[in-house]
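Working notes, structure below.
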Amino acid sequence: MTARTIDGNALAARVREDIAARAEELAARGEQPCLAVILVGSDPASAVYVRNKVAACEKAGVFDYPADADPQVVMDRLAELNGDTSVHGILVQLPLPPQFDESEVLEAISVEKDVDGFHAESVGRLSQGQQGFIPCTPHGVMKMFESENVPLSGAEAVVIGRSNIVGKPMAMLLTNAGATVTVCHSRTRDLTFHTKRADILVAAVGKPRFVTGDMIKPGAVVIDVGINRLTEGEEAGKLCGDVDFASASEVASLITPVPGGVGPMTITMLLENTVISAERAAN
Ligand code: GUN
């Protein structure tokens with residue numbers, strides 16, 4: 001079998017048309033959606049993510065702090081942004097330097113402006129299947145399933161990775177949609193036993209080309225959340241996912257590429273969450 005590729009750029013462009021129309025309508029009513037991003041330190045990957053997020057927004061501000069910033073200064077800024085009615089979304093880029101208590105910072109963001117969906121209350125709402133902001137990457141993956149009419153109810157889904165940003169919320173969303181979900185991670189024994197059973201396989205491990213064709217059930221839907229930069233050999237500098245696309249696409253029925261798969265959807269869902277927040281503020 002040769003898998004069909006899901007074009008994340010094309011889907012993101014379609015979703016963004018709707019978001020742009022909603023943003024325009026809000027702007028006409030004097031409520032231009034605005035995102036505030038806090039970046040602490042100079043992690044190059046974080047800087048690239050933030051640049052891409054900001055470039056996608058019409059109105060965004062970046063608050064940039066050095067790696068040795070006093071956490072209180074950031075907490076004070078968050079309090080200010082929470083109270084600023086012209087700001088609809090607040091995002092603190094992770095990871096934070098070691099002097100920060102990440103949970104404390106995330107919980108200092110007003111739930112109404114928590115467009116990343118990382119606040120404990122947003123996570124709690126998601127786990128209970130209640131309405132709230134959903135983390136952007138797994139939300140973007142769900143949009144991909146929807147656009148491709150992938151049946152989730154009753155499906156065997158395997159998520160590789162248990163991060164708070166992707167793996168855990170992905171597992172919750174799939175559970176809420178009726179899938180039977182297994183979460184695998186670095187301590188999982190016999191990973192292939194699990195992955196071979198998956199109708200839907202989501203890889204979010206951060207290891208280049210970790211998932212190979214022999215680990216995949218024929219006809220599975222394979223979603224690659226990884227964004228890894230190769231450092232060695234002829235391909236040094238090139239981006240690749242957590243899935244070995246060449247071997248996986250011979251076994252799967254549907255697969256996402258890297259780049260051009262999940263990545264564009266993540267930023268799109270951030271924009272959607274910011275517009276949703278602005279709509280709530282305007283109504
Ligand atoms: N670090 C890596 N991915 C993300 C993300 O989606 N949001 C934030 N805030 N930080 C990240």
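Numbering starts fresh at 1 for the residues of each chain in the structure tokens, the chains themselves are lettered A, B, ... in the order given, and ligands are numbered from 1 as they appear.
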Run DSSP on the backbone and give me the residues of region 10-108 of chain A it puts in alpha helix (DSSP H), as a PyMOL selection string.
-> chain A and resi 10-28+44-56+71-83+102-107
Please write out the residues within 8 Å of ligand 1 as a CSV table (one decimal) with N, CA and C atoms, in the first residue's frame, counting only C-alpha atoms and all ligand atoms.
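Heads up, here's the output in pocket26.csv:
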chain,number,residue,atom,x,y,z
A,46,SER,N,12.9,27.6,20.4
A,46,SER,CA,11.8,28.4,20.9
A,46,SER,C,11.7,29.7,20.1
A,49,TYR,N,10.0,29.0,16.9
A,49,TYR,CA,8.5,28.8,17.1
A,49,TYR,C,7.8,30.1,17.3
A,91,LEU,N,0.5,33.6,25.8
A,91,LEU,CA,1.3,32.3,25.6
A,91,LEU,C,2.7,32.5,26.2
A,92,VAL,N,3.0,31.6,27.1
A,92,VAL,CA,4.4,31.6,27.6
A,92,VAL,C,5.1,30.4,26.9
A,93,GLN,N,6.1,30.7,26.1
A,93,GLN,CA,6.8,29.7,25.4
A,93,GLN,C,7.6,28.8,26.4
A,94,LEU,N,7.4,27.5,26.2
A,94,LEU,CA,8.1,26.5,27.0
A,94,LEU,C,9.3,25.8,26.2
A,95,PRO,N,10.3,25.3,26.8
A,95,PRO,CA,10.5,25.3,28.3
A,95,PRO,C,11.0,26.6,28.8
A,116,ASP,N,-3.1,28.5,24.8
A,116,ASP,CA,-2.3,27.3,24.7
A,116,ASP,C,-3.0,26.1,25.3
A,118,PHE,N,-2.8,25.2,28.5
A,118,PHE,CA,-1.9,24.6,29.5
A,118,PHE,C,-2.2,24.9,30.9
A,135,PRO,N,-5.0,22.4,23.8
A,135,PRO,CA,-3.7,22.6,23.3
A,135,PRO,C,-3.6,22.5,21.8
A,136,CYS,N,-2.8,23.4,21.2
A,136,CYS,CA,-2.9,23.6,19.7
A,136,CYS,C,-2.5,22.4,18.9
A,137,THR,N,-1.4,21.7,19.2
A,137,THR,CA,-1.0,20.7,18.4
A,137,THR,C,-2.0,19.5,18.3
A,165,ILE,N,2.3,18.8,26.6
A,165,ILE,CA,2.0,19.6,25.4
A,165,ILE,C,1.3,18.9,24.3
A,266,THR,N,-0.7,23.5,14.0
A,266,THR,CA,-0.5,24.0,15.3
A,266,THR,C,-0.7,25.5,15.4
Would you kindly return, as a list in words, each protein, DNA or RNA residue with an atom no farther than 7 Å from any atom of Ile160 (chain A), considering only C-alpha atoms and excluding same-chain residues fewer than 2 positions away?
-> Val158, Arg162, Gly167, Val183, Cys184, His185, Val202, Ala203, Ala204 and Val205 of chain A
Compare A:Ile19, A:Met265, A:Leu201, A:Val211 by their minimum atom-to-atom distance to Ser247 (chain A), counting only C-alpha atoms, and give me the closest one.
->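 Nearest to Ser247 (chain A): A:Val211.
Distances from A:Leu81, A:Ala120, A:Ile6, A:Val48 to Phe145 (chain A) were compared using only C-alpha atoms, and the smallest one belongs to A:Ile6.
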Using only C-alpha atoms: which of A:Ser127, A:Ser103, A:Ser163, A:Ser110 has the shortest distance to Asn82 (chain A) | A:Ser110
For Thr85 (chain A), which residue among A:Val50, A:Ala10, A:Ala36, A:Ala56 is the nearest when counting only C-alpha atoms?
-> A:Ala36
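Distance check against Val115 (chain A) using only C-alpha atoms: of A:Ser186, A:Thr274, A:Asn283, A:Thr268, the minimum falls on A:Thr274.
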Excluding Gly124 (chain A) and residues on its chain fewer than 4 positions from it, collect all residues at most 12 Å away from it, counting only C-alpha atoms, and give them as a PyMOL selection string.
-> chain A and resi 111+117-120+128-134+168-169+172
